[in-house]
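Structure file coords.txt; described as compact mmCIF, C-alpha atoms and all ligand atoms.
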# COMPACT_ATOMS: atom_id res chain seq x y z
CA MET A 1 -74.91 -23.27 -45.24
CA ARG A 2 -71.53 -22.59 -46.83
CA LYS A 3 -71.40 -21.93 -50.56
CA ARG A 4 -69.41 -24.23 -52.79
CA VAL A 5 -66.36 -22.96 -54.70
CA PHE A 6 -64.86 -24.72 -57.71
CA SER A 7 -61.58 -24.00 -59.40
CA GLY A 8 -59.71 -26.04 -62.00
CA THR A 9 -56.01 -25.65 -62.79
CA ARG A 10 -53.98 -27.22 -65.56
CA PRO A 11 -51.18 -29.51 -64.39
CA THR A 12 -48.22 -27.27 -65.09
CA GLY A 13 -45.89 -28.92 -62.56
CA ARG A 14 -44.05 -26.91 -59.94
CA GLN A 15 -45.89 -23.70 -59.19
CA HIS A 16 -44.26 -20.29 -59.46
CA ILE A 17 -44.68 -17.12 -57.43
CA GLY A 18 -47.17 -15.81 -60.01
CA ASN A 19 -49.40 -18.81 -59.21
CA TYR A 20 -48.81 -18.15 -55.53
CA LEU A 21 -49.79 -14.47 -55.59
CA GLY A 22 -52.45 -14.77 -58.29
CA ALA A 23 -54.27 -17.90 -57.12
CA LEU A 24 -52.88 -20.11 -54.36
CA GLN A 25 -52.90 -17.56 -51.53
CA ASN A 26 -56.51 -16.86 -52.40
CA TYR A 27 -57.40 -20.58 -52.56
CA VAL A 28 -56.02 -21.07 -49.07
CA GLU A 29 -58.07 -18.15 -47.70
CA LEU A 30 -61.27 -19.28 -49.43
CA GLN A 31 -61.18 -22.48 -47.37
CA GLU A 32 -62.17 -20.41 -44.31
CA GLU A 33 -65.45 -19.26 -45.79
CA TYR A 34 -66.45 -21.80 -48.46
CA ASP A 35 -66.59 -25.52 -49.19
CA CYS A 36 -63.85 -25.65 -51.79
CA ILE A 37 -63.25 -28.05 -54.65
CA TYR A 38 -59.86 -27.70 -56.30
CA CYS A 39 -59.30 -29.81 -59.37
CA ILE A 40 -56.20 -30.55 -61.45
CA VAL A 41 -57.66 -30.50 -64.95
CA ASP A 42 -55.60 -33.10 -66.80
CA ILE A 43 -58.15 -33.61 -69.59
CA HIS A 44 -58.06 -29.90 -70.42
CA ALA A 45 -54.28 -30.20 -70.72
CA LEU A 46 -54.70 -32.68 -73.56
CA THR A 47 -56.19 -29.99 -75.83
CA THR A 48 -52.76 -28.42 -76.18
CA LEU A 49 -50.35 -31.15 -75.04
CA GLU A 50 -49.00 -33.37 -77.73
CA ASP A 51 -46.42 -35.01 -75.51
CA THR A 52 -47.84 -36.46 -72.28
CA ASP A 53 -44.60 -37.99 -70.94
CA LYS A 54 -44.42 -35.48 -68.09
CA LEU A 55 -48.13 -35.27 -67.34
CA GLN A 56 -48.15 -37.49 -64.22
CA GLU A 57 -44.96 -35.94 -62.87
CA ASN A 58 -46.45 -32.47 -63.34
CA ILE A 59 -49.60 -33.49 -61.49
CA TYR A 60 -47.54 -34.85 -58.59
CA GLU A 61 -45.33 -31.76 -58.32
CA MET A 62 -48.32 -29.44 -58.48
CA MET A 63 -50.20 -31.36 -55.80
CA LEU A 64 -47.11 -31.26 -53.61
CA ASP A 65 -47.06 -27.46 -53.94
CA TRP A 66 -50.79 -27.21 -53.25
CA LEU A 67 -50.53 -29.21 -50.05
CA ALA A 68 -47.38 -27.44 -48.89
CA VAL A 69 -48.89 -24.00 -49.40
CA GLY A 70 -51.87 -24.86 -47.19
CA LEU A 71 -54.64 -26.46 -49.24
CA ASP A 72 -56.10 -28.86 -46.72
CA PRO A 73 -57.45 -32.20 -48.01
CA GLN A 74 -59.51 -32.61 -44.84
CA ARG A 75 -61.43 -29.42 -45.49
CA SER A 76 -61.29 -29.08 -49.30
CA ILE A 77 -61.80 -31.62 -52.04
CA LEU A 78 -58.56 -31.94 -54.02
CA PHE A 79 -58.66 -34.29 -56.98
CA ILE A 80 -57.67 -35.02 -60.57
CA GLN A 81 -60.30 -34.29 -63.22
CA SER A 82 -60.04 -37.60 -65.08
CA HIS A 83 -60.44 -39.57 -61.84
CA VAL A 84 -64.12 -38.60 -61.83
CA PRO A 85 -65.24 -39.79 -65.28
CA GLU A 86 -68.79 -38.41 -64.83
CA VAL A 87 -67.42 -35.10 -66.03
CA MET A 88 -66.92 -36.53 -69.52
CA GLU A 89 -70.50 -37.78 -69.64
CA LEU A 90 -71.83 -34.40 -68.59
CA TYR A 91 -69.53 -32.74 -71.13
CA THR A 92 -71.15 -34.80 -73.89
CA LEU A 93 -74.67 -34.02 -72.68
CA LEU A 94 -73.99 -30.29 -72.35
CA SER A 95 -72.49 -30.25 -75.83
CA MET A 96 -76.00 -31.11 -77.11
CA VAL A 97 -77.41 -27.87 -75.72
CA THR A 98 -74.53 -25.55 -76.65
CA PRO A 99 -74.85 -23.77 -80.00
CA LEU A 100 -71.67 -24.12 -82.04
CA ASN A 101 -71.49 -20.40 -82.80
CA TRP A 102 -71.17 -19.66 -79.06
CA LEU A 103 -67.98 -21.71 -79.06
CA LEU A 104 -66.51 -20.49 -82.32
CA ARG A 105 -66.65 -16.87 -81.18
CA VAL A 106 -64.61 -17.50 -77.99
CA PRO A 107 -61.41 -15.42 -78.33
CA THR A 108 -59.18 -18.05 -76.68
CA PHE A 109 -60.25 -20.64 -79.25
CA LYS A 110 -59.17 -18.32 -82.05
CA GLU A 111 -55.93 -17.58 -80.21
CA LYS A 112 -55.13 -21.28 -79.61
CA ALA A 113 -55.97 -22.12 -83.22
CA ARG A 114 -53.50 -19.40 -84.28
CA LEU A 115 -50.79 -20.70 -81.96
CA GLN A 116 -51.15 -24.37 -82.93
CA PRO A 117 -52.45 -24.38 -86.53
CA HIS A 118 -51.21 -27.98 -86.93
CA ASN A 119 -53.42 -29.14 -84.04
CA VAL A 120 -56.80 -27.40 -84.12
CA ASN A 121 -58.57 -30.32 -82.48
CA TYR A 122 -62.23 -30.73 -81.58
CA GLY A 123 -61.34 -30.53 -77.87
CA LEU A 124 -60.18 -26.94 -78.35
CA VAL A 125 -63.61 -25.92 -79.63
CA GLY A 126 -65.37 -27.81 -76.84
CA TYR A 127 -63.07 -26.50 -74.11
CA PRO A 128 -65.66 -24.09 -72.63
CA VAL A 129 -68.24 -26.90 -72.50
CA LEU A 130 -65.86 -29.12 -70.55
CA MET A 131 -65.08 -26.19 -68.30
CA THR A 132 -68.80 -25.68 -67.71
CA ALA A 133 -69.20 -29.40 -66.96
CA ASP A 134 -66.38 -29.13 -64.40
CA ILE A 135 -68.18 -26.36 -62.55
CA VAL A 136 -71.83 -27.38 -62.75
CA LEU A 137 -71.23 -31.08 -62.07
CA TYR A 138 -70.47 -30.04 -58.50
CA LYS A 139 -73.18 -27.35 -58.48
CA ALA A 140 -70.54 -24.79 -57.59
CA GLU A 141 -71.94 -21.35 -56.89
CA VAL A 142 -68.68 -19.44 -56.82
CA VAL A 143 -65.67 -19.54 -59.15
CA PRO A 144 -62.51 -17.57 -58.34
CA VAL A 145 -61.26 -15.97 -61.57
CA GLY A 146 -59.01 -13.24 -62.88
CA GLU A 147 -60.62 -10.52 -64.99
CA ASP A 148 -59.31 -12.14 -68.18
CA GLN A 149 -61.38 -15.26 -67.45
CA LEU A 150 -64.70 -13.48 -66.97
CA PRO A 151 -65.90 -14.15 -70.57
CA HIS A 152 -65.36 -17.90 -70.03
CA LEU A 153 -67.38 -17.88 -66.88
CA GLU A 154 -70.12 -15.90 -68.61
CA LEU A 155 -70.30 -18.62 -71.26
CA ALA A 156 -70.56 -21.29 -68.53
CA ARG A 157 -73.44 -19.33 -67.03
CA GLU A 158 -75.15 -19.13 -70.43
CA ILE A 159 -74.81 -22.89 -70.97
CA ALA A 160 -76.17 -23.65 -67.49
CA ARG A 161 -79.05 -21.22 -68.08
CA ARG A 162 -79.86 -22.78 -71.44
CA PHE A 163 -79.91 -26.28 -69.95
CA ASN A 164 -82.16 -25.14 -67.10
CA SER A 165 -84.60 -23.43 -69.48
CA LEU A 166 -84.77 -26.44 -71.84
CA PHE A 167 -85.03 -29.26 -69.31
CA GLY A 168 -85.82 -27.73 -65.91
CA HIS A 169 -83.67 -26.34 -63.16
CA VAL A 170 -80.66 -28.41 -62.15
CA PHE A 171 -77.68 -26.07 -62.09
CA PRO A 172 -77.02 -22.89 -60.11
CA GLU A 173 -75.50 -20.17 -62.30
CA PRO A 174 -71.93 -19.86 -61.02
CA GLN A 175 -70.86 -16.40 -59.87
CA ALA A 176 -67.38 -14.95 -60.42
CA LYS A 177 -65.26 -14.07 -57.45
CA LEU A 178 -62.55 -11.79 -58.75
CA THR A 179 -59.11 -12.61 -57.39
CA PRO A 180 -57.50 -9.67 -55.59
CA PHE A 181 -54.20 -10.04 -57.47
CA PRO A 182 -55.09 -11.11 -61.00
CA LEU A 183 -51.94 -10.44 -63.05
CA VAL A 184 -48.34 -11.03 -62.02
CA LEU A 185 -45.75 -10.00 -64.58
CA GLY A 186 -42.84 -12.29 -65.33
CA LEU A 187 -39.15 -11.45 -64.99
CA ASP A 188 -39.16 -10.05 -68.53
CA GLY A 189 -41.55 -7.33 -67.32
CA VAL A 190 -43.75 -7.81 -70.38
CA GLN A 191 -45.62 -11.10 -70.26
CA LYS A 192 -47.67 -12.70 -67.53
CA MET A 193 -45.42 -14.88 -65.34
CA SER A 194 -45.46 -18.33 -66.88
CA LYS A 195 -43.28 -21.40 -67.11
CA SER A 196 -43.74 -21.44 -70.87
CA TYR A 197 -42.25 -17.95 -71.20
CA ASN A 198 -39.34 -18.93 -68.93
CA ASN A 199 -39.90 -15.76 -66.93
CA ASP A 200 -40.91 -17.36 -63.63
CA ILE A 201 -39.51 -18.11 -60.17
CA GLU A 202 -40.53 -21.47 -58.78
CA MET A 203 -41.98 -21.44 -55.28
CA ALA A 204 -39.81 -24.43 -54.38
CA ALA A 205 -36.59 -22.78 -55.56
CA THR A 206 -33.73 -22.53 -53.04
CA PRO A 207 -32.67 -19.08 -51.79
CA GLN A 208 -29.66 -19.19 -54.15
CA GLN A 209 -31.85 -20.12 -57.13
CA ILE A 210 -34.29 -17.35 -56.23
CA LEU A 211 -31.44 -14.83 -56.12
CA GLU A 212 -30.13 -15.97 -59.51
CA ARG A 213 -33.58 -15.70 -61.09
CA VAL A 214 -34.35 -12.29 -59.56
CA MET A 215 -31.03 -10.94 -60.86
CA THR A 216 -32.24 -11.60 -64.42
CA ALA A 217 -35.36 -9.43 -63.96
CA VAL A 218 -35.89 -6.51 -66.31
CA THR A 219 -36.34 -3.26 -64.35
CA ASP A 220 -37.26 0.33 -65.24
CA PRO A 221 -35.92 0.59 -68.81
CA ALA A 222 -35.30 4.33 -68.42
CA ARG A 223 -32.85 3.72 -65.57
CA ARG A 224 -29.62 3.02 -67.39
CA TYR A 225 -27.07 4.15 -64.80
CA ARG A 226 -26.94 3.82 -61.03
CA SER A 227 -27.18 7.63 -60.73
CA ASP A 228 -30.43 7.79 -62.78
CA SER A 229 -33.59 8.21 -60.75
CA GLY A 230 -35.97 5.32 -61.21
CA HIS A 231 -39.70 4.91 -61.72
CA PRO A 232 -40.90 2.09 -59.45
CA GLU A 233 -44.43 2.30 -60.85
CA VAL A 234 -43.18 0.82 -64.16
CA CYS A 235 -40.79 -1.69 -62.60
CA ASN A 236 -41.92 -5.27 -62.13
CA VAL A 237 -39.31 -5.81 -59.41
CA PHE A 238 -41.13 -3.15 -57.45
CA GLN A 239 -44.46 -4.86 -58.05
CA LEU A 240 -43.01 -7.96 -56.38
CA GLN A 241 -41.45 -5.88 -53.57
CA GLN A 242 -44.96 -4.74 -52.66
CA SER A 243 -45.94 -8.37 -52.12
CA PHE A 244 -42.80 -9.79 -50.56
CA ASN A 245 -41.41 -6.74 -48.72
CA PRO A 246 -44.62 -4.80 -48.07
CA LEU A 247 -43.28 -3.01 -44.99
CA ARG A 248 -40.30 -1.66 -46.92
CA ALA A 249 -42.08 -0.83 -50.19
CA GLU A 250 -42.48 2.87 -49.40
CA GLU A 251 -38.81 3.21 -48.42
CA ILE A 252 -37.68 1.34 -51.57
CA SER A 253 -39.88 3.51 -53.76
CA THR A 254 -38.42 6.72 -52.32
CA ALA A 255 -34.84 5.40 -52.54
CA CYS A 256 -35.38 4.36 -56.17
CA ARG A 257 -36.77 7.75 -57.18
CA SER A 258 -33.84 9.55 -55.55
CA ALA A 259 -31.27 7.05 -56.90
CA ASN A 260 -30.32 6.11 -53.35
CA ILE A 261 -30.66 2.43 -54.12
CA GLY A 262 -29.32 0.58 -57.13
CA CYS A 263 -31.20 -2.17 -58.93
CA VAL A 264 -28.75 -4.86 -57.79
CA ASP A 265 -29.29 -3.99 -54.11
CA CYS A 266 -33.03 -3.74 -54.71
CA LYS A 267 -33.08 -7.18 -56.29
CA GLU A 268 -31.10 -8.67 -53.40
CA LEU A 269 -33.72 -7.31 -51.02
CA LEU A 270 -36.45 -8.83 -53.14
CA ALA A 271 -34.76 -12.22 -53.27
CA GLN A 272 -34.42 -12.20 -49.47
CA GLY A 273 -38.10 -11.24 -49.13
CA ILE A 274 -39.24 -14.08 -51.41
CA SER A 275 -36.95 -16.60 -49.71
CA SER A 276 -38.13 -15.81 -46.22
CA ALA A 277 -41.82 -15.63 -47.19
CA LEU A 278 -41.59 -19.08 -48.75
CA GLU A 279 -39.36 -20.72 -46.13
CA PRO A 280 -42.24 -22.43 -44.26
CA PHE A 281 -43.55 -23.62 -47.64
CA ARG A 282 -40.18 -25.12 -48.59
CA GLU A 283 -39.91 -26.93 -45.27
CA LYS A 284 -43.39 -28.39 -45.52
CA ARG A 285 -42.83 -29.38 -49.13
CA GLY A 286 -39.68 -31.26 -48.16
CA ALA A 287 -41.55 -33.13 -45.42
CA LEU A 288 -44.45 -34.01 -47.73
CA ALA A 289 -42.15 -35.20 -50.50
CA ALA A 290 -40.97 -37.89 -48.09
CA LYS A 291 -44.56 -39.16 -47.76
CA PRO A 292 -45.81 -39.97 -51.28
CA HIS A 293 -48.56 -42.19 -49.81
CA TYR A 294 -50.07 -39.18 -48.11
CA ILE A 295 -50.39 -37.42 -51.47
CA GLU A 296 -51.93 -40.44 -53.14
CA GLU A 297 -54.40 -40.88 -50.29
CA ALA A 298 -55.38 -37.22 -50.41
CA LEU A 299 -56.07 -37.45 -54.15
CA SER A 300 -57.94 -40.71 -53.90
CA ASN A 301 -60.05 -39.47 -51.01
CA GLY A 302 -60.76 -36.24 -52.94
CA ALA A 303 -61.85 -38.17 -56.04
CA GLY A 304 -64.19 -40.31 -53.92
CA ARG A 305 -65.86 -37.27 -52.37
CA ALA A 306 -66.10 -35.50 -55.73
CA GLU A 307 -67.58 -38.56 -57.40
CA ALA A 308 -70.35 -38.85 -54.82
CA ILE A 309 -71.53 -35.32 -55.71
CA ALA A 310 -71.00 -35.93 -59.43
CA ARG A 311 -73.13 -39.10 -59.53
CA GLU A 312 -76.03 -37.35 -57.88
CA THR A 313 -75.94 -34.40 -60.29
CA LEU A 314 -75.54 -36.61 -63.34
CA GLY A 315 -78.54 -38.69 -62.24
CA GLU A 316 -80.67 -35.53 -62.09
CA VAL A 317 -79.41 -34.41 -65.51
CA LYS A 318 -80.21 -37.74 -67.16
CA GLU A 319 -83.65 -37.83 -65.66
CA LYS A 320 -84.43 -34.30 -66.87
CA MET A 321 -83.11 -35.15 -70.34
CA GLY A 322 -85.26 -38.26 -70.58
CA LEU A 323 -82.35 -40.66 -70.50
CA VAL A 324 -83.57 -42.82 -67.64
CA TRP A 325 -84.71 -46.13 -69.05
CA ALA A 326 -88.43 -46.71 -68.80
CA SER A 327 -89.23 -50.38 -69.11
CA ARG A 328 -91.83 -51.09 -71.78
CA LEU A 329 -93.60 -53.16 -69.17
CA ASP A 330 -94.28 -49.98 -67.24
CA LEU A 331 -95.50 -47.99 -70.24
CA PRO A 332 -99.24 -47.64 -70.72
FE1 LIG A 401 -36.88 -1.22 -59.99
FE2 LIG A 401 -35.70 -1.39 -57.65
FE3 LIG A 401 -34.31 -0.65 -59.81
FE4 LIG A 401 -36.12 0.98 -58.78
S1 LIG A 401 -34.25 0.28 -57.78
S2 LIG A 401 -35.87 0.49 -60.95
S3 LIG A 401 -37.71 -0.47 -58.06
S4 LIG A 401 -35.25 -2.65 -59.42
So, in terms of structure tokens, how does the structure I just supplied come out?
Ligand code: SF4
Amino acid sequence: MRKRVFSGTRPTGRQHIGNYLGALQNYVELQEEYDCIYCIVDIHALTTLEDTDKLQENIYEMMLDWLAVGLDPQRSILFIQSHVPEVMELYTLLSMVTPLNWLLRVPTFKEKARLQPHNVNYGLVGYPVLMTADIVLYKAEVVPVGEDQLPHLELAREIARRFNSLFGHVFPEPQAKLTPFPLVLGLDGVQKMSKSYNNDIEMAATPQQILERVMTAVTDPARRYRSDSGHPEVCNVFQLQQSFNPLRAEEISTACRSANIGCVDCKELLAQGISSALEPFREKRGALAAKPHYIEEALSNGAGRAEAIARETLGEVKEKMGLVWASRLDLP
């Protein structure tokens, strides 16, 4: 029997090539070996979003990218977190078995509280419990994560273990599956590629837009003149060349070290590599955008399939926790 994979992603709108290399390529491949559940976690987004005007548009654009890149709604369950409300019930029940000090010591809570001191809401503290509910509601055994997310998954495992030891076994302890390409640097060469740092290249960008974005990339800071030899190992353009022009990476590396290629030419090559790698994606995205009903049907079908699993798990949880009503007429 195939194992079940779960992964949740915040609705950040159009996906960028960091999402593509760091997660989406992997998600597509996992469909071959696992039963996959991919969820757009809109409730999680509310812990940091104060303005929700663009939330639905972001969900739509992200789903369009997911489908165009090859996530298959016939094989995988693709759905929106809030469309399966059982997750909120399980979140509440798991919060009863999660010691508060486990949550207060989570580094990302401290970091978020530092970044948004005006909005340190209760949801921020409970974030790992909701994340655990997302995973265990579907009894997922495998969770694809980057190394930076391992502590979160460990906490989910601890919460599942604690529930099982208090009330009896219901949940498998989810195992991490490390993604092969966990960190993609942004065009600034310093931060992780992210829309919020404005250092990204959208997957759906046109070849001209890709070229314009690549031209802004920071390269080897020690290479100030065309005649200086470069150091590809510290250049984020080169990191991307390895992914988008893998057959020419060796040649580019040698030419950079010997100053036989300038950064402008190198960037043009990179932009061409990204454009041609994503051409089939752009075409499929265009075709899907003309069929909004298909996207809605895929999401609605995904929510239905997810809810069937969720109801069954939640029933087991309530029974173990003594929440199933026993009529007084049946009591001795
Ligand atoms: Fe980076 Fe390419 Fe310039 Fe070398 S030639 S420093 S790899 S952009």
Spatial neighbours of stretch 223-239 of chain A, max dist 9 Å, all atoms listed in the file, sep filter under 5 positions, as a list in words: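 In the requested form, the answer reads Val184, Leu185, Gly186, Leu187, Asp188, Gly189, Val190, Val214, Ala217, Val218, Ala249, Ile252, Ser253, Thr254, Ala255, Cys256, Arg257, Ser258, Ala259, Asn260, Ile261, Gly262, Cys263, Cys266, Lys267 and Leu270 of chain A.
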statement: Using all atoms listed in the file, the shortest atom-to-atom distance to ligand LIG 401 (chain A) among A:Ser243, A:Ile274, A:Pro292, A:Thr219 belongs to A:Thr219
Near-stretch 10-20 of chain A list (10 Å; only C-alpha atoms; drop same-chain fewer than 6 positions) as a PDB file with C-alpha atoms, in the coordinates of the input:
ATOM      1  CA  ASN A  26     -56.510 -16.860 -52.400  1.00  0.00           C
ATOM      2  CA  TYR A  27     -57.400 -20.580 -52.560  1.00  0.00           C
ATOM      3  CA  CYS A  39     -59.300 -29.810 -59.370  1.00  0.00           C
ATOM      4  CA  ILE A  40     -56.200 -30.550 -61.450  1.00  0.00           C
ATOM      5  CA  VAL A  41     -57.660 -30.500 -64.950  1.00  0.00           C
ATOM      6  CA  ASP A  42     -55.600 -33.100 -66.800  1.00  0.00           C
ATOM      7  CA  ILE A  43     -58.150 -33.610 -69.590  1.00  0.00           C
ATOM      8  CA  HIS A  44     -58.060 -29.900 -70.420  1.00  0.00           C
ATOM      9  CA  ALA A  45     -54.280 -30.200 -70.720  1.00  0.00           C
ATOM     10  CA  LEU A  46     -54.700 -32.680 -73.560  1.00  0.00           C
ATOM     11  CA  LYS A  54     -44.420 -35.480 -68.090  1.00  0.00           C
ATOM     12  CA  LEU A  55     -48.130 -35.270 -67.340  1.00  0.00           C
ATOM     13  CA  GLN A  56     -48.150 -37.490 -64.220  1.00  0.00           C
ATOM     14  CA  GLU A  57     -44.960 -35.940 -62.870  1.00  0.00           C
ATOM     15  CA  ASN A  58     -46.450 -32.470 -63.340  1.00  0.00           C
ATOM     16  CA  ILE A  59     -49.600 -33.490 -61.490  1.00  0.00           C
ATOM     17  CA  TYR A  60     -47.540 -34.850 -58.590  1.00  0.00           C
ATOM     18  CA  GLU A  61     -45.330 -31.760 -58.320  1.00  0.00           C
ATOM     19  CA  MET A  62     -48.320 -29.440 -58.480  1.00  0.00           C
ATOM     20  CA  MET A  63     -50.200 -31.360 -55.800  1.00  0.00           C
ATOM     21  CA  LEU A  64     -47.110 -31.260 -53.610  1.00  0.00           C
ATOM     22  CA  ASP A  65     -47.060 -27.460 -53.940  1.00  0.00           C
ATOM     23  CA  TRP A  66     -50.790 -27.210 -53.250  1.00  0.00           C
ATOM     24  CA  VAL A  69     -48.890 -24.000 -49.400  1.00  0.00           C
ATOM     25  CA  ILE A  80     -57.670 -35.020 -60.570  1.00  0.00           C
ATOM     26  CA  GLN A  81     -60.300 -34.290 -63.220  1.00  0.00           C
ATOM     27  CA  PHE A 181     -54.200 -10.040 -57.470  1.00  0.00           C
ATOM     28  CA  PRO A 182     -55.090 -11.110 -61.000  1.00  0.00           C
ATOM     29  CA  LEU A 183     -51.940 -10.440 -63.050  1.00  0.00           C
ATOM     30  CA  VAL A 184     -48.340 -11.030 -62.020  1.00  0.00           C
ATOM     31  CA  LEU A 185     -45.750 -10.000 -64.580  1.00  0.00           C
ATOM     32  CA  GLY A 186     -42.840 -12.290 -65.330  1.00  0.00           C
ATOM     33  CA  LYS A 192     -47.670 -12.700 -67.530  1.00  0.00           C
ATOM     34  CA  MET A 193     -45.420 -14.880 -65.340  1.00  0.00           C
ATOM     35  CA  SER A 194     -45.460 -18.330 -66.880  1.00  0.00           C
ATOM     36  CA  LYS A 195     -43.280 -21.400 -67.110  1.00  0.00           C
ATOM     37  CA  SER A 196     -43.740 -21.440 -70.870  1.00  0.00           C
ATOM     38  CA  ASN A 199     -39.900 -15.760 -66.930  1.00  0.00           C
ATOM     39  CA  ASP A 200     -40.910 -17.360 -63.630  1.00  0.00           C
ATOM     40  CA  ILE A 201     -39.510 -18.110 -60.170  1.00  0.00           C
ATOM     41  CA  GLU A 202     -40.530 -21.470 -58.780  1.00  0.00           C
ATOM     42  CA  MET A 203     -41.980 -21.440 -55.280  1.00  0.00           C
ATOM     43  CA  ALA A 204     -39.810 -24.430 -54.380  1.00  0.00           C
ATOM     44  CA  ALA A 205     -36.590 -22.780 -55.560  1.00  0.00           C
ATOM     45  CA  LEU A 240     -43.010  -7.960 -56.380  1.00  0.00           C
ATOM     46  CA  ILE A 274     -39.240 -14.080 -51.410  1.00  0.00           C
ATOM     47  CA  LEU A 278     -41.590 -19.080 -48.750  1.00  0.00           C
TER      48      LEU A 278
END
- request: Name the closest residue to ligand LIG 401 (chain A) among the candidates A:Ala326, A:Leu137, A:Val264, A:Met321; distances are taken between atoms, counting only C-alpha atoms and all ligand atoms.
  value: A:Val264
- request: Could you please determine the separation between atom CA of A:Arg162 and atom CA of A:Val97 in Å, to one decimal place?
  value: 7.1 Å
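The space between atom CA of A:Val145 and atom CA of A:Leu21 spans 13.0 Å.
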Shell around A:Val84 at 12 Å using only C-alpha atoms, local window under 2 positions removed, as a VMD selection string: chain A and resid 39 to 43 78 to 82 86 to 90 133 to 134 137 to 138 299 to 311 314
- line: Across A:Pro221, A:Pro280, A:Gly322, A:Pro180, the smallest distance to ligand LIG 401 (chain A), with all atoms listed in the file counted, is shown by A:Pro221
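Proximity to ligand LIG 401 (chain A) was assessed for A:Asn121, A:Thr313, A:Ser275, A:Asn245 counting all atoms listed in the file; the smallest distance is recorded for A:Asn245.
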message: With distances taken over all atoms listed in the file, which residue among A:Cys36, A:Glu29, A:Thr98, A:Leu130 lies nearest A:Pro85?
response: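 Under the stated criterion, the closest residue is A:Leu130.
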Distance in Å - atom CA of A:Leu94 versus atom CA of A:Val142: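 Between atom CA of A:Leu94 and atom CA of A:Val142 the gap is 19.7 Å.
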Within 6 Å of A:Arg4 using all atoms listed in the file, minus same-chain residues under 3 positions, as a VMD selection string: chain A and resid 34 to 36 140 to 141
task: Pick out the residues sitting within 9 Å of A:Leu155, and hand them over as a list in words; count all atoms listed in the file, and ignore anything fewer than 5 positions along from it in its own chain.
output: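 Near neighbours after the sequence-gap exclusion: Trp102, Leu103, Val106, Pro128, Val129, Thr132, Leu150 and Ala160 of chain A.
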message: I'd like to know which of A:Ala113, A:Ala222, A:Leu104, A:Leu247 is closest to ligand LIG 401 (chain A), using only C-alpha atoms and all ligand atoms.
response: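 For ligand LIG 401 (chain A), the nearest of the given residues is A:Ala222.
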Let me have the centre and edge lengths of the axis-aligned box enclosing all listed atoms of ligand LIG 401 (chain A) with 5 Å padding on every side, in Å to one decimal, as AutoDock Vina command-line options.
--center_x -36.0 --center_y -0.8 --center_z -59.3 --size_x 13.5 --size_y 13.6 --size_z 13.3
